[in-house]
Amino acid sequence: MRKIWDIHGGIHPAENKSQSLHKPIENAGIPKQLILPLAQHIGAPASPIVNVGDRVLKGQMIAEAKGFVSAPVHAPTSGIVSAIESRVIPHPSGMSASCIVIDTDGADEWIAHRGTDDYTTLSKLELVDLIRQAGIAGMGGAGFPSAVKLSTRDDKPIETLILNGTECEPYITADDILMRERAEEIIAGAKILRHIIKPNKETLIGVEDNKPEGIAALEKAAEGTGIEIVTFPTKYPSGGEKQLIQILTGKEVPTGGLPSDVGIVCQNIGTATAIYRAIQFGEPLISRITTVTGDACEQPQNYETLLGTPVQYLLDKSGFKKDACIRLIMGGPMMGYTLQDTAVPIVKTSNCVLAPTVAELPPPPPAQACIRCGMCAEACPVSLLPQQMYWFSRAQEHEKLEDHKLFDCIECGACSFACPSNIPLVQYYRASKAEIRQAQQDKMKAERSKERFEARTARLEQEEAEKEAKRAARMEAAKAKAAAAANAPDSSKADIIQAAIERSKAKKAESADPAQAAIARAQAKRDGNAEEESPQEKTERLQKLFASAEKRLTAAKEKLALAQEQQSDNADAFATAVSKTEEKLAAIQQELTEHRASLTPPPADATSADPAQAAIARALAKRAGTTADESKEDKTARLKNTVSTTEKRLAAAQEKLALAQEQNDANVAAFATGVEKTQAKLDTAKKELSDHLATLAPSDTAKQIASDDPVQAAIERAKAAREAQASMSDADKVKQNIESLENRIARTKEKLDAARAEGSDTADILADSLAKLEAKLAAAQQQLS
Amino acid sequence: MIELIAQNPFIASLVALVGLGLVFGALLGFAAVKFKTEGDPIADQIESLLPQTQCGQCGYPGCRPYAAAIADGDDINKCPPGGEATIAALADLLGVEAKPLDAAEAAVPSVAFIREDECIGCTKCIQACPVDAILGSAKHMHTVIASECTGCDLCVEPCPVDCIDMRPIETNLQTWHWDKPKPVEDLIASDRGTAAKSGAAA
Amino acid sequence: MGFLKVSSPHAHGPMSTARVMRLVLLATIPGVFSLTFFFGFGTLMNVLWASITALAFEALALKLRKRPIGFYLNDYSALVTAFLLGIALPPASPFWLIMIGTGFAILICKQLYGGMGYNPFNPAMAAYVMLLISFPVQMTTWLAPKGSFAGDLLGPIDALRYCFGFGREAIDAITMATPLDVLKQNNSLLVKDLWEESAQFGQFAGIGWEWANIGFLLGGIYLLYRRVFTWHAPISMLASLTVMSALFYDGGSSASGGSPLFHLLSGATMLGAFFIVTDPVTSAVSNRGRLIYGALIGVLVYIIRVWGNYPDAVAFSVLLMNFAAPFIDHYTQPRTYGHKLKDQQGGKS
């Protein structure tokens, strides 16, 4: 007889296991619909690889593992994927999560699969990968992906492989019946595991002594294999991984550590069976044995259940009396959680559905005061002082809780079970654990916020200082210039030209690479560093200022219009004005979106986790949309391109306006504003283009100086354009449009020819814009006729 | 001299007291120089308890200034994002009475959300954000880096088109947890009926 | 009807607070029986009146605190306090003395601190000490045990009469110093001679006292068997008392403090060990802590009995150690699974 150790504490709840052991395992069959949550395991949820409407075959992978600690999901039978949506999943919160829903077709058609004839020829890595691909996750309750557990590092030699057949929770018999009926498969799985892990000392199967039939079956199957079946006295919670390790080896898993730290790997016997089937037959994990029991079920028994089977389906099969049952538990009475909805599916970890009657598990009576009797401490398997932790939990004394090793609590429920005052101790610990974690996260977030705030403050201060320095420098320069002008009047003209050249150079440099600037900014933000302001950044800021100025202008105009309306003391008119303003806004937004769409290809990866990364990606995309290395010609081309796209939009807006006018639509005003705005923008763009062309000829200084205040100029132009347009009829507008389009086509053709002759990169863009212009022209002509 | 002192208890005590005063004064003076602390340690400690939302709801431009103000004797109950927990922590640190929050209610933890199709790209919110948690540039859509947003709602006011919502942070599967049970000992008499009934059922 | 949403565990053990308290009440029966057998119906009268007043005070306090009265009276904790106080008081104490005692215990020591579970001191012992200090005459008047005097034992009617103050003078005829008193006053006789000289002494200790203590010991063993408390605190208290009395027995000289057996079976030793020291609310929580807690009580009992001013000392010792319980708790946290003992200690300091 092997030496076994004892664990501290423990309790002896009524076992209630015999009810569900009268009948052998029954195949539950195929329900109409299977619901497969993407997260049936601990770790990252799997990611779907099928689409709604796809036909899937039994055993086909329908969601792949996402990351190392994850497990794929397979179709448990053949059918059509009818939805990929949020469904209530088995979770104590009763919340929903993404699931793949399969409408079964009853054909149960397998996908082509084959097993391994001789697993001993495969390497450890290959076998672990097969297990990973089979989607096997711990079936005892926690659902930790088995492949991860088996990926032991070579520098940590494993001494003992333990298979957990303890099943210490009352009511559950899934492992018991598995041992009775499929002991050979368990042993075969154990052999595979032994081959993978190569424990240098022993392979044990731990079983509580309340399962004599199971033990006998296992012992028979294990004869001559060297696998030892170890039995020990029944006590809850012997089946906890850490507790079982202590019982079988006397070792304790260090806090925060893994069993492998003490040279042990532990797997559930159900998992061992699943691994056997995956390796031997190539069958992924698509079904499991689930106990359906409790006095509210007329025929409690174990079912071979397809994953995704709704709990209701199993309950119906077992003669569930709904009226007799006030709580439905997934798992056992000690650690299971309540279900609110019988539509939730069976998942990889669902070892039991417990439907007790009121008399069997009465609702919790009101808690009385803690009298510190210490029965909880007597019951605690990890030697905590639950009564002390209860006080600290209520008093929110997080530090004391951690001192009392709250995080070593395995939430087995022994303390609550033993508590004579019916205090829901475990719930306090769960809540406190969550509170402490939350507090830690809040603390971290506060730290980060503080850093970001400080970085921002520093940056703003620096900007302010630089602005001040520049202003001082400008004043110095002006003084010097005045002095120079007084001293040498002849050279003044040359100076102005020189200055213009300087400015144009500066401008070019500024506009050279906005993407670069955006990247720099994004990175600076992410790092939380205040960076010295570069010319690019300044450009950005100027652009912002320009935008906000424009915005203020429109806002002011709107307000003016509104005020005028109000003076007429007409409430209706006021309402109309408001709605018009909103429509205008909508129009502007649409315009903006169109503009953006025309300028930039869609963001590369909108779902990117890191927002800064996304910003960089967007900026890069933007740069790709313009040109990578902007020469003078490139800039010209880009500006022209802008002009042409704006024109295109103008035409579209005008079309819409005309249509709206025809239909006497309420949106006329909005469209009119849209047209106006687009026209103004077009004018601005044209102006910019001409300015740019002008800068190419440095002699044209007057124009350059005139454009020093582009905002003012743009406003002026916009006003002028609107006035001009207001006096025009639709036909005139279209005619004017056609005229300008023809002009532009001619110019663009010239440019295109020149570009082709030079073999410049801009040729494509020009050709593109030419095509667009021609299309627009055609549209306009059609409109006219 | 010594004789004089020995013979006059009054002088003896005077000498002793003055001597002690000098010795301890020198000791304290030395300690003040030797163990001089830079900055304001109390303000630092206070600041570490504040939630760092930088929301300015306390009337100071950020958490650090408010921490300094508390260190100078301002009330500890002006931080709605921190709520009762922060007040309790501050009261504990400073050894003063915890006061009720100086606001209608504690702020619900929330995060700013820009309705992106309504955003006109004005950058006003970017300028308002105290922690640089809004991305975007002029005339381009802006968006909030939710993980960096402190929920201070300073960006809501400047938005000209009201496209920013403060959305309470919703519980998801990762953040869900059991709440603490309501302690039954604290039942008031009006609950007696139900408590007694369920007690009898037990 | 929806299903309940409750946190696990869903099963609950058979133990309840009321059941624990009922077991404690049940376990006092042998001791109370012995006391009644040897000292008459005085103790029963005490217990009865203490119970009535304690329940009344408890109900009053709950009413004032706006708590559900029935729910809390059902936990039997007031009755336990009343029983312990009633047993500890001299038989046939006057009604007002008992009433002041239970009032102090329930209102001041228990409900003012927040009710059951929140009291830092054992209410019965705190009340006993308060009465001892305030009313030393009444509190030190013990009846003579059966067989030590010629008269009859106190009958139920007399007990009732004396309790409510009718003909209380007559009670003086049947009072006698307790054995602990006698030993304390002794400064000339060898223990052996003292034994023969005084009528109070029986086989091992005082007549009646020895059997009352054996009765409480039996009750305590029953509670241990029912796992109402662990053995640590009572056994370590008895052990340390034994060790102390053995160390200072001095071969039974006139300066002797009395034999170990005498101390174990005298005064409130067994009542204290199994019914007071084990009061979970006010004692240390961990098993290691309870060993220390119990041992120090044993030492204190001996010190106060032999060298102090008062003949018995269980109440004082328990109260003193109630003060120390949180301190003991702080340093005796058990080693948690997966932690090294060193880490655990280091983590706390």
# chains A, B, ... in the order shown; residues from 1 in each chain; ligands from 1
>>> residues_around(residues="C:Thr28", least_positions_apart="4", cutoff="12 Å", atoms="only C-alpha atoms", output="ChimeraX atom specification")
/C:21-24,32-35,44,47,79-88,212-223,270-272,274-276
>>> select_by_dssp(residues="stretch 120-155 of chain C", states="alpha helix (DSSP H)", output="list in words")
Pro123, Ala124, Met125, Ala126, Ala127, Tyr128, Val129, Met130, Leu131, Leu132, Ile133, Ser134, Pro136, Val137, Gln138 and Met139 of chain C
>>> write_last_selection(atoms="N, CA, C and O atoms", output="PDB file, in the first residue's frame")
ATOM      1  N   PRO C 123     -19.494  38.369  27.510  1.00  0.00           N
ATOM      2  CA  PRO C 123     -20.481  39.144  28.277  1.00  0.00           C
ATOM      3  C   PRO C 123     -20.706  38.590  29.682  1.00  0.00           C
ATOM      4  O   PRO C 123     -20.752  39.362  30.652  1.00  0.00           O
ATOM      5  N   ALA C 124     -20.794  37.279  29.821  1.00  0.00           N
ATOM      6  CA  ALA C 124     -21.066  36.699  31.132  1.00  0.00           C
ATOM      7  C   ALA C 124     -19.927  37.011  32.093  1.00  0.00           C
ATOM      8  O   ALA C 124     -20.149  37.393  33.253  1.00  0.00           O
ATOM      9  N   MET C 125     -18.699  36.899  31.609  1.00  0.00           N
ATOM     10  CA  MET C 125     -17.568  37.134  32.497  1.00  0.00           C
ATOM     11  C   MET C 125     -17.406  38.613  32.817  1.00  0.00           C
ATOM     12  O   MET C 125     -17.064  38.999  33.938  1.00  0.00           O
ATOM     13  N   ALA C 126     -17.671  39.458  31.840  1.00  0.00           N
ATOM     14  CA  ALA C 126     -17.583  40.896  32.094  1.00  0.00           C
ATOM     15  C   ALA C 126     -18.609  41.292  33.151  1.00  0.00           C
ATOM     16  O   ALA C 126     -18.314  42.062  34.078  1.00  0.00           O
ATOM     17  N   ALA C 127     -19.814  40.732  33.029  1.00  0.00           N
ATOM     18  CA  ALA C 127     -20.858  41.048  33.997  1.00  0.00           C
ATOM     19  C   ALA C 127     -20.472  40.517  35.384  1.00  0.00           C
ATOM     20  O   ALA C 127     -20.651  41.190  36.400  1.00  0.00           O
ATOM     21  N   TYR C 128     -19.896  39.318  35.394  1.00  0.00           N
ATOM     22  CA  TYR C 128     -19.494  38.726  36.670  1.00  0.00           C
ATOM     23  C   TYR C 128     -18.465  39.605  37.378  1.00  0.00           C
ATOM     24  O   TYR C 128     -18.569  39.890  38.566  1.00  0.00           O
ATOM     25  N   VAL C 129     -17.482  40.061  36.605  1.00  0.00           N
ATOM     26  CA  VAL C 129     -16.426  40.893  37.184  1.00  0.00           C
ATOM     27  C   VAL C 129     -17.004  42.208  37.668  1.00  0.00           C
ATOM     28  O   VAL C 129     -16.674  42.705  38.753  1.00  0.00           O
ATOM     29  N   MET C 130     -17.921  42.780  36.869  1.00  0.00           N
ATOM     30  CA  MET C 130     -18.540  44.041  37.275  1.00  0.00           C
ATOM     31  C   MET C 130     -19.260  43.862  38.596  1.00  0.00           C
ATOM     32  O   MET C 130     -19.111  44.683  39.523  1.00  0.00           O
ATOM     33  N   LEU C 131     -20.007  42.764  38.722  1.00  0.00           N
ATOM     34  CA  LEU C 131     -20.752  42.519  39.965  1.00  0.00           C
ATOM     35  C   LEU C 131     -19.793  42.273  41.131  1.00  0.00           C
ATOM     36  O   LEU C 131     -20.008  42.752  42.243  1.00  0.00           O
ATOM     37  N   LEU C 132     -18.725  41.548  40.862  1.00  0.00           N
ATOM     38  CA  LEU C 132     -17.773  41.223  41.923  1.00  0.00           C
ATOM     39  C   LEU C 132     -17.142  42.491  42.494  1.00  0.00           C
ATOM     40  O   LEU C 132     -16.949  42.630  43.701  1.00  0.00           O
ATOM     41  N   ILE C 133     -16.859  43.417  41.601  1.00  0.00           N
ATOM     42  CA  ILE C 133     -16.243  44.661  42.061  1.00  0.00           C
ATOM     43  C   ILE C 133     -17.267  45.548  42.764  1.00  0.00           C
ATOM     44  O   ILE C 133     -16.971  46.182  43.777  1.00  0.00           O
ATOM     45  N   SER C 134     -18.498  45.552  42.239  1.00  0.00           N
ATOM     46  CA  SER C 134     -19.507  46.460  42.777  1.00  0.00           C
ATOM     47  C   SER C 134     -20.167  45.917  44.046  1.00  0.00           C
ATOM     48  O   SER C 134     -20.520  46.672  44.941  1.00  0.00           O
ATOM     49  N   PRO C 136     -19.200  43.196  46.419  1.00  0.00           N
ATOM     50  CA  PRO C 136     -18.325  42.105  46.885  1.00  0.00           C
ATOM     51  C   PRO C 136     -18.982  41.216  47.936  1.00  0.00           C
ATOM     52  O   PRO C 136     -18.751  40.003  47.948  1.00  0.00           O
ATOM     53  N   VAL C 137     -19.838  41.796  48.783  1.00  0.00           N
ATOM     54  CA  VAL C 137     -20.437  40.980  49.843  1.00  0.00           C
ATOM     55  C   VAL C 137     -21.346  39.916  49.254  1.00  0.00           C
ATOM     56  O   VAL C 137     -21.194  38.715  49.504  1.00  0.00           O
ATOM     57  N   GLN C 138     -22.281  40.361  48.430  1.00  0.00           N
ATOM     58  CA  GLN C 138     -23.222  39.402  47.843  1.00  0.00           C
ATOM     59  C   GLN C 138     -22.494  38.374  46.977  1.00  0.00           C
ATOM     60  O   GLN C 138     -22.910  37.221  46.877  1.00  0.00           O
ATOM     61  N   MET C 139     -21.432  38.840  46.327  1.00  0.00           N
ATOM     62  CA  MET C 139     -20.783  37.973  45.360  1.00  0.00           C
ATOM     63  C   MET C 139     -19.889  36.923  46.013  1.00  0.00           C
ATOM     64  O   MET C 139     -19.435  36.001  45.341  1.00  0.00           O
TER      65      MET C 139
END
>>> closest_atom_pairs(of="chain A", to="chain B", cutoff="6 Å", atoms="only C-alpha atoms", output="tab-separated table")
residue	atom	partner	partner_atom	distance
A:Pro365	CA	B:Ala202	CA	5.5
A:Ala367	CA	B:Val184	CA	5.7
A:Tyr428	CA	B:Lys180	CA	5.3
A:Ala431	CA	B:Trp178	CA	5.3
A:Ala446	CA	B:Gln52	CA	4.9
A:Lys450	CA	B:Gln52	CA	5.7
A:Arg452	CA	B:Val131	CA	5.0
A:Phe453	CA	B:Val131	CA	4.6
A:Lys544	CA	B:Ala138	CA	4.8
A:Ser548	CA	B:Cys122	CA	5.8
>>> write_last_selection(atoms="N, CA and C atoms", output="short mmCIF file (atom, residue, chain, number, x, y, z; two decimals), in the first residue's frame")
data_model
loop_
_atom_site.label_atom_id
_atom_site.label_comp_id
_atom_site.auth_asym_id
_atom_site.auth_seq_id
_atom_site.Cartn_x
_atom_site.Cartn_y
_atom_site.Cartn_z
N PRO A 365 -30.67 30.31 3.75
CA PRO A 365 -31.35 31.07 4.78
C PRO A 365 -30.57 32.36 5.04
N ALA A 367 -28.18 34.99 6.49
CA ALA A 367 -26.95 34.79 7.25
C ALA A 367 -27.09 35.39 8.64
N TYR A 428 -18.16 36.42 -0.48
CA TYR A 428 -17.37 37.55 0.01
C TYR A 428 -15.97 37.51 -0.59
N ALA A 431 -16.00 38.44 -4.26
CA ALA A 431 -16.20 39.88 -4.44
C ALA A 431 -14.93 40.64 -4.06
N ALA A 446 -4.49 55.01 -13.05
CA ALA A 446 -4.26 56.34 -12.49
C ALA A 446 -2.81 56.76 -12.70
N LYS A 450 -1.72 59.88 -14.95
CA LYS A 450 -0.90 60.94 -14.38
C LYS A 450 0.29 61.22 -15.29
N ARG A 452 0.52 60.65 -18.46
CA ARG A 452 0.08 61.29 -19.70
C ARG A 452 -0.25 62.75 -19.46
N PHE A 453 -0.88 63.01 -18.32
CA PHE A 453 -1.24 64.39 -18.01
C PHE A 453 0.01 65.24 -17.86
N LYS A 544 -4.75 72.75 -38.07
CA LYS A 544 -5.83 72.69 -37.08
C LYS A 544 -6.44 74.06 -36.89
N SER A 548 -10.24 75.21 -37.52
CA SER A 548 -11.12 75.72 -36.47
C SER A 548 -11.61 77.12 -36.83
#
>>> residues_around(residues="B:Ile76", least_positions_apart="2", cutoff="9 Å", atoms="only C-alpha atoms", output="ChimeraX atom specification")
/B:70,73-74,78-79,86-87,90-91,98-99,101-102
>>> interface_residues(of="chain A", to="chain C", cutoff="8 Å", atoms="only C-alpha atoms", output="PyMOL selection string")
chain A and resi 13+92+252-255+325-328+333-341+361+364+368-375+377+381-385+388+403-405+408+412-414+416-422+424+426-427
>>> interface_residues(of="chain C", to="chain B", cutoff="7 Å", atoms="only C-alpha atoms", output="JSON, numbers by chain")
{"C": [66, 67, 68, 71]}
>>> residues_around(residues="B:Asp165", least_positions_apart="4", cutoff="7 Å", atoms="only C-alpha atoms", output="list in words")
Ala112, Phe113 and Ile114 of chain B
>>> closest_residue(among="C:Ala56, C:Ala313, C:Leu112, C:Ile297", to="C:Pro234", atoms="only C-alpha atoms")
C:Ile297
>>> select_by_dssp(residues="stretch 109-198 of chain A", states="strand (DSSP E or B)", output="ChimeraX atom specification")
/A:110,137,145,160-164
>>> write_last_selection(atoms="all heavy atoms", output="compact mmCIF listing (two decimals), in the first residue's frame")
# COMPACT_ATOMS: atom_id res chain seq x y z
N TRP A 110 -19.39 12.64 -40.98
CA TRP A 110 -18.04 12.96 -40.51
C TRP A 110 -17.24 13.65 -41.60
O TRP A 110 -17.38 13.36 -42.79
CB TRP A 110 -17.30 11.70 -40.10
CG TRP A 110 -17.38 11.39 -38.65
CD1 TRP A 110 -18.21 10.48 -38.08
CD2 TRP A 110 -16.61 11.96 -37.61
NE1 TRP A 110 -18.02 10.45 -36.73
CE2 TRP A 110 -17.03 11.36 -36.40
CE3 TRP A 110 -15.61 12.94 -37.55
CZ2 TRP A 110 -16.48 11.71 -35.17
CZ3 TRP A 110 -15.07 13.27 -36.32
CH2 TRP A 110 -15.51 12.65 -35.15
N ALA A 137 -9.61 20.73 -23.89
CA ALA A 137 -9.39 21.57 -22.72
C ALA A 137 -9.82 20.78 -21.50
O ALA A 137 -10.69 19.91 -21.60
CB ALA A 137 -10.19 22.87 -22.82
N PRO A 145 -6.60 24.77 -21.48
CA PRO A 145 -6.22 24.02 -22.68
C PRO A 145 -5.15 22.98 -22.38
O PRO A 145 -4.08 23.30 -21.85
CB PRO A 145 -5.70 25.11 -23.62
CG PRO A 145 -6.37 26.36 -23.17
CD PRO A 145 -6.54 26.22 -21.69
N THR A 160 6.22 13.07 -11.81
CA THR A 160 4.99 12.31 -11.63
C THR A 160 3.90 12.82 -12.55
O THR A 160 3.69 14.03 -12.65
CB THR A 160 4.50 12.45 -10.17
OG1 THR A 160 5.57 12.18 -9.31
CG2 THR A 160 3.36 11.49 -9.90
N LEU A 161 3.25 11.88 -13.24
CA LEU A 161 2.05 12.23 -14.00
C LEU A 161 0.86 11.74 -13.20
O LEU A 161 0.81 10.57 -12.81
CB LEU A 161 2.09 11.57 -15.38
CG LEU A 161 0.79 11.61 -16.19
CD1 LEU A 161 0.44 13.05 -16.56
CD2 LEU A 161 0.90 10.75 -17.43
N ILE A 162 -0.06 12.65 -12.93
CA ILE A 162 -1.23 12.27 -12.14
C ILE A 162 -2.49 12.42 -12.98
O ILE A 162 -2.70 13.43 -13.63
CB ILE A 162 -1.34 13.16 -10.88
CG1 ILE A 162 -0.16 12.91 -9.94
CG2 ILE A 162 -2.65 12.89 -10.14
CD1 ILE A 162 -0.15 13.80 -8.73
N LEU A 163 -3.29 11.37 -12.99
CA LEU A 163 -4.61 11.49 -13.60
C LEU A 163 -5.62 11.60 -12.47
O LEU A 163 -5.61 10.85 -11.51
CB LEU A 163 -4.93 10.27 -14.46
CG LEU A 163 -4.12 10.16 -15.76
CD1 LEU A 163 -4.79 9.18 -16.70
CD2 LEU A 163 -3.97 11.50 -16.43
N ASN A 164 -6.48 12.59 -12.61
CA ASN A 164 -7.42 12.93 -11.54
C ASN A 164 -8.77 12.26 -11.79
O ASN A 164 -9.53 12.65 -12.65
CB ASN A 164 -7.58 14.44 -11.48
CG ASN A 164 -8.35 14.89 -10.27
OD1 ASN A 164 -9.01 14.09 -9.62
ND2 ASN A 164 -8.27 16.17 -9.98
>>> residues_around(residues="A:Lys749", least_positions_apart="5", cutoff="9 Å", atoms="only C-alpha atoms", output="list in words")
Arg744, Ala754, Leu766, Ala767 and Leu770 of chain A
>>> closest_residue(among="C:Phe201, C:Phe37, C:Phe164, C:Phe248", to="C:Val306", atoms="only C-alpha atoms")
C:Phe248
>>> residues_around(residues="stretch 149-158 of chain C", least_positions_apart="3", cutoff="10 Å", atoms="only C-alpha atoms", output="PyMOL selection string")
chain C and resi 36-45+91-92+143-146+161-164+166-168+170-171+173-176+199-200
>>> write_last_selection(atoms="N, CA and C atoms", output="compact mmCIF listing (two decimals), in the first residue's frame")
# COMPACT_ATOMS: atom_id res chain seq x y z
N THR C 36 -26.81 21.73 41.90
CA THR C 36 -28.10 21.66 42.57
C THR C 36 -28.09 20.56 43.64
N PHE C 37 -27.44 19.46 43.27
CA PHE C 37 -27.40 18.34 44.19
C PHE C 37 -26.66 18.72 45.48
N PHE C 38 -25.59 19.48 45.32
CA PHE C 38 -24.77 19.80 46.50
C PHE C 38 -25.10 21.12 47.17
N PHE C 39 -25.67 22.06 46.42
CA PHE C 39 -25.92 23.37 47.01
C PHE C 39 -27.39 23.76 47.02
N GLY C 40 -28.26 22.89 46.59
CA GLY C 40 -29.68 23.20 46.60
C GLY C 40 -30.13 23.89 45.32
N PHE C 41 -31.35 24.41 45.36
CA PHE C 41 -31.96 24.93 44.14
C PHE C 41 -31.55 26.36 43.79
N GLY C 42 -30.62 26.91 44.57
CA GLY C 42 -30.20 28.30 44.34
C GLY C 42 -29.71 28.54 42.91
N THR C 43 -28.83 27.64 42.43
CA THR C 43 -28.26 27.83 41.10
C THR C 43 -29.34 27.78 40.03
N LEU C 44 -30.25 26.81 40.17
CA LEU C 44 -31.34 26.71 39.19
C LEU C 44 -32.15 27.99 39.17
N MET C 45 -32.39 28.53 40.39
CA MET C 45 -33.13 29.78 40.49
C MET C 45 -32.39 30.89 39.74
N PRO C 91 -25.25 30.74 44.51
CA PRO C 91 -26.63 30.24 44.48
C PRO C 91 -27.57 31.17 45.24
N ALA C 92 -28.79 31.29 44.73
CA ALA C 92 -29.83 32.10 45.34
C ALA C 92 -29.39 33.55 45.52
N LEU C 143 -23.11 29.30 49.48
CA LEU C 143 -23.79 28.39 50.40
C LEU C 143 -22.85 27.24 50.78
N ALA C 144 -23.14 26.68 51.92
CA ALA C 144 -22.37 25.51 52.34
C ALA C 144 -22.86 24.29 51.58
N PRO C 145 -21.95 23.41 51.21
CA PRO C 145 -22.37 22.23 50.45
C PRO C 145 -23.02 21.18 51.35
N LYS C 146 -23.74 20.33 50.72
CA LYS C 146 -24.41 19.23 51.39
C LYS C 146 -23.40 18.41 52.19
N ARG C 161 -37.91 32.40 47.39
CA ARG C 161 -38.09 33.43 48.42
C ARG C 161 -36.82 34.24 48.61
N TYR C 162 -35.72 33.53 48.75
CA TYR C 162 -34.46 34.23 48.99
C TYR C 162 -34.11 35.13 47.81
N CYS C 163 -34.38 34.57 46.67
CA CYS C 163 -34.03 35.31 45.45
C CYS C 163 -34.73 36.66 45.43
N PHE C 164 -35.99 36.65 45.80
CA PHE C 164 -36.74 37.89 45.73
C PHE C 164 -36.76 38.64 47.07
N PHE C 166 -37.19 37.75 50.32
CA PHE C 166 -38.00 37.46 51.50
C PHE C 166 -37.21 36.57 52.44
N GLY C 167 -36.97 37.05 53.62
CA GLY C 167 -36.27 36.26 54.64
C GLY C 167 -34.86 35.93 54.25
N ARG C 168 -34.25 36.88 53.58
CA ARG C 168 -32.89 36.63 53.11
C ARG C 168 -31.90 36.44 54.27
N ALA C 170 -32.04 34.58 56.70
CA ALA C 170 -31.88 33.17 57.05
C ALA C 170 -30.75 32.51 56.27
N ILE C 171 -30.46 33.11 55.13
CA ILE C 171 -29.47 32.48 54.26
C ILE C 171 -28.08 32.49 54.90
N ALA C 173 -27.25 31.68 57.65
CA ALA C 173 -27.05 30.49 58.47
C ALA C 173 -26.38 29.38 57.68
N ILE C 174 -26.60 29.37 56.39
CA ILE C 174 -26.06 28.25 55.62
C ILE C 174 -24.97 28.68 54.65
N THR C 175 -24.34 29.80 54.88
CA THR C 175 -23.22 30.18 54.01
C THR C 175 -21.92 29.71 54.62
N MET C 176 -20.94 29.64 53.79
CA MET C 176 -19.65 29.11 54.23
C MET C 176 -18.59 29.57 53.23
N ALA C 199 -14.49 21.86 57.06
CA ALA C 199 -15.59 20.99 56.67
C ALA C 199 -15.83 20.99 55.16
N GLN C 200 -15.31 22.03 54.49
CA GLN C 200 -15.65 22.19 53.06
C GLN C 200 -14.99 21.14 52.18
>>> closest_atom_pairs(of="stretch 192-305 of chain A", to="stretch 20-29 of chain A", cutoff="12 Å", atoms="only C-alpha atoms", output="JSON lines")
{"residue": "A:Lys211", "atom": "CA", "partner": "A:Leu21", "partner_atom": "CA", "distance": 10.8}
{"residue": "A:Glu213", "atom": "CA", "partner": "A:Leu21", "partner_atom": "CA", "distance": 11.0}
{"residue": "A:Gly214", "atom": "CA", "partner": "A:Leu21", "partner_atom": "CA", "distance": 11.3}
{"residue": "A:Ser287", "atom": "CA", "partner": "A:Asn27", "partner_atom": "CA", "distance": 9.9}
{"residue": "A:Arg288", "atom": "CA", "partner": "A:Asn27", "partner_atom": "CA", "distance": 10.1}
{"residue": "A:Ile289", "atom": "CA", "partner": "A:Ile25", "partner_atom": "CA", "distance": 7.8}
{"residue": "A:Thr290", "atom": "CA", "partner": "A:Ile25", "partner_atom": "CA", "distance": 9.2}
{"residue": "A:Thr291", "atom": "CA", "partner": "A:Ser20", "partner_atom": "CA", "distance": 7.1}
{"residue": "A:Val292", "atom": "CA", "partner": "A:Ser20", "partner_atom": "CA", "distance": 7.4}
{"residue": "A:Thr293", "atom": "CA", "partner": "A:Ser20", "partner_atom": "CA", "distance": 6.1}
{"residue": "A:Gly294", "atom": "CA", "partner": "A:Ser20", "partner_atom": "CA", "distance": 8.6}
{"residue": "A:Asp295", "atom": "CA", "partner": "A:Ser20", "partner_atom": "CA", "distance": 10.4}
{"residue": "A:Cys297", "atom": "CA", "partner": "A:Ser20", "partner_atom": "CA", "distance": 10.0}
{"residue": "A:Glu298", "atom": "CA", "partner": "A:Ser20", "partner_atom": "CA", "distance": 10.4}
{"residue": "A:Gln299", "atom": "CA", "partner": "A:Ser20", "partner_atom": "CA", "distance": 7.8}
{"residue": "A:Pro300", "atom": "CA", "partner": "A:Ser20", "partner_atom": "CA", "distance": 4.7}
{"residue": "A:Gln301", "atom": "CA", "partner": "A:Ser20", "partner_atom": "CA", "distance": 4.2}
{"residue": "A:Asn302", "atom": "CA", "partner": "A:Ile25", "partner_atom": "CA", "distance": 5.1}
{"residue": "A:Tyr303", "atom": "CA", "partner": "A:Glu26", "partner_atom": "CA", "distance": 4.8}
{"residue": "A:Glu304", "atom": "CA", "partner": "A:Asn27", "partner_atom": "CA", "distance": 4.7}
{"residue": "A:Thr305", "atom": "CA", "partner": "A:Ala28", "partner_atom": "CA", "distance": 5.4}
